[in-house]
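See below for the structure under consideration.
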Amino acid sequence: MRTFDIVVVDGGIPSIALAMAMALGVIGPQPVAAVAVGFDDTGLREWLAHRLPFPLWLAESPPPGRVPPGFDAVGLTIRRRMLGLGAGQRTPRDVHARIFLARCEDDPGPAPKPPARWQGFHFPLRDRGWWRSRCRGFLEGCAPDRFPEDGSWR
């Protein structure tokens, strides 16, 4: 079985804290890549990409015009960037992606389910009891250049 660890980053404080914690070895294992989903702040994305010891990939976009039901941007990115698969090619049976998502202890509602059998979702922040405030405190400690005097995230 080929297993790949991937962290998903959406530009929010919890996901950036998770990526940084995994990069620094505070939360393990270190992923082979990060996938940026809905990450519109290019300055912040570039800042993060320069601090991670693994690549930060932009998620694949849906086909032009509309988002088809069940579109899986992270899965498509893994299939194309990591596995080199094209449209219509099946994911090999010996592949498993452990996808780490930034879901905190204080996030409401049930955790999402993976859209494909070869994917497994993991929630290390929630599993360790991290709240959003702890994620913010962690980032203030390891990335003080991103927190000005007024305390807002830049």
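So you can find residues: chains in the structure tokens are A, B, ... in the order shown, residues in each start at 1, and ligands are numbered from 1 in order.
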
I need the residues of chain A that end up classed as helix (DSSP H, G or I) by DSSP on the backbone, written out as a PyMOL selection string.
chain A and resi 13-24+42-51+73-82+124-127+132-142+144-146

Excluding same-chain residues fewer than 3 positions from A:Gly11, what lies within 7 Å of it counting only C-alpha atoms, as number ranges by chain?
A: 15-16, 39

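Close contacts of stretch 44-54 of chain A, defined as residues with an atom at most 8 Å away when counting only C-alpha atoms, with chain neighbours fewer than 3 positions off set aside, comprise A:Gly11, A:Ile16, A:Ala19, A:Met20, A:Ala23, A:Pro31, A:Val32, A:Ala33, A:Ala34, A:Phe39, A:Asp41, A:Arg154.
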
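If you count only C-alpha atoms and ignore residues fewer than 4 places along the chain from A:Ala73, what sits within 8 Å of it is A:Val37, A:Ala59, A:Glu60, A:Ser61, A:Pro62, A:Thr77.
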
Quick one: write out the picked residues with all heavy atoms as a JSON list (two decimals), in the first residue's frame?
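Everything below was put into selection36.json:
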[["chain", "number", "residue", "atom", "x", "y", "z"],
["A", 37, "VAL", "N", -6.83, 25.27, -0.94],
["A", 37, "VAL", "CA", -8.19, 25.26, -1.47],
["A", 37, "VAL", "C", -8.87, 26.57, -1.10],
["A", 37, "VAL", "O", -8.93, 26.93, 0.07],
["A", 37, "VAL", "CB", -9.00, 24.08, -0.86],
["A", 37, "VAL", "CG1", -10.44, 24.11, -1.36],
["A", 37, "VAL", "CG2", -8.34, 22.77, -1.17],
["A", 59, "ALA", "N", -5.11, 23.95, -5.46],
["A", 59, "ALA", "CA", -6.07, 22.91, -5.81],
["A", 59, "ALA", "C", -6.52, 23.07, -7.25],
["A", 59, "ALA", "O", -6.63, 24.18, -7.77],
["A", 59, "ALA", "CB", -7.28, 22.96, -4.88],
["A", 60, "GLU", "N", -6.77, 21.95, -7.89],
["A", 60, "GLU", "CA", -7.30, 21.95, -9.26],
["A", 60, "GLU", "C", -8.66, 22.62, -9.28],
["A", 60, "GLU", "O", -9.46, 22.47, -8.35],
["A", 60, "GLU", "CB", -7.42, 20.52, -9.77],
["A", 60, "GLU", "CG", -6.11, 19.79, -9.92],
["A", 60, "GLU", "CD", -5.30, 20.27, -11.11],
["A", 60, "GLU", "OE1", -5.89, 20.72, -12.11],
["A", 60, "GLU", "OE2", -4.06, 20.18, -11.04],
["A", 61, "SER", "N", -8.93, 23.35, -10.33],
["A", 61, "SER", "CA", -10.20, 24.05, -10.48],
["A", 61, "SER", "C", -11.22, 23.14, -11.16],
["A", 61, "SER", "O", -10.85, 22.26, -11.94],
["A", 61, "SER", "CB", -10.01, 25.30, -11.33],
["A", 61, "SER", "OG", -9.12, 26.18, -10.72],
["A", 62, "PRO", "N", -12.50, 23.40, -10.89],
["A", 62, "PRO", "CA", -13.53, 22.63, -11.59],
["A", 62, "PRO", "C", -13.56, 23.03, -13.06],
["A", 62, "PRO", "O", -12.99, 24.05, -13.44],
["A", 62, "PRO", "CB", -14.82, 23.03, -10.88],
["A", 62, "PRO", "CG", -14.53, 24.34, -10.26],
["A", 62, "PRO", "CD", -13.05, 24.36, -9.95],
["A", 77, "THR", "N", -6.36, 17.11, -7.37],
["A", 77, "THR", "CA", -4.99, 17.62, -7.28],
["A", 77, "THR", "C", -4.02, 16.50, -6.94],
["A", 77, "THR", "O", -2.95, 16.39, -7.54],
["A", 77, "THR", "CB", -4.91, 18.75, -6.23],
["A", 77, "THR", "OG1", -5.85, 19.77, -6.58],
["A", 77, "THR", "CG2", -3.52, 19.33, -6.15]]

Any idea what the distance is between atom CA of A:Arg128 and atom CA of A:Gly38?
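If I compute the distance from atom CA of A:Arg128 to atom CA of A:Gly38, I get 25.4 Å.
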
Within 12 Å of A:His122, counting only C-alpha atoms, which residues qualify if same-chain residues fewer than 5 places away don't, as a ChimeraX atom specification?
/A:5-8,18,28-29,97-104,111-114,127-128

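In terms of minimum interatomic distance to A:Arg126, A:Pro14 ranks closest within A:Ala21, A:Gln89, A:Leu139, A:Pro14, counting only C-alpha atoms.
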
How many Å lie between atom CA of A:Val9 and atom CA of A:Val67, rounded to one decimal?
20.0 Å

Pairwise distance for atom CA of A:Pro108 and atom CA of A:Arg132, rounded to one decimal in Å:
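These two atoms are separated by 11.9 Å.
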
Do you know which residues are at most 10 Å from A:Gly129 counting only C-alpha atoms, after dropping those on the same chain fewer than 4 positions away, and could you put them as JSON, numbers by chain?
{"A": [104, 105, 106, 124, 125, 134]}

Keeping C-alpha atoms, export the residues of the selection given above as a PDB file, in the first residue's frame.
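What ended up in selection36.pdb:
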ATOM      1  CA  CYS A 104     -10.904  22.432  15.757  1.00  0.00           C
ATOM      2  CA  GLU A 105     -12.531  21.277  18.960  1.00  0.00           C
ATOM      3  CA  ASP A 106     -14.922  24.248  18.807  1.00  0.00           C
ATOM      4  CA  PRO A 124      -5.320  16.315  14.385  1.00  0.00           C
ATOM      5  CA  LEU A 125      -6.313  19.686  15.890  1.00  0.00           C
ATOM      6  CA  ARG A 134      -4.988  27.913  20.600  1.00  0.00           C
TER       7      ARG A 134
END

Have a look at A:Gly12, A:Gly137, A:Pro115, A:Gly84 and name the one nearest to A:Pro69; count only C-alpha atoms.
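Smallest separation from A:Pro69 among the options: A:Pro115.
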
Residue with smallest distance to A:Gly70 - pool A:Ala116, A:Leu83, A:Ala17, A:Trp131, counting only C-alpha atoms
A:Ala116

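Take the candidates A:Arg136, A:Leu76, A:Asp94, A:Phe123 and check each one against A:Arg2 using only C-alpha atoms; the shortest distance goes to A:Asp94.
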
Within chain A, find each residue whose DSSP state, derived from the backbone, is strand (DSSP E), and express the selection as JSON, numbers by chain.
{"A": [2, 3, 4, 5, 6, 7, 8, 9, 33, 34, 35, 36, 56, 57, 58, 95, 96, 97, 98, 99, 100, 119, 120, 121, 122]}
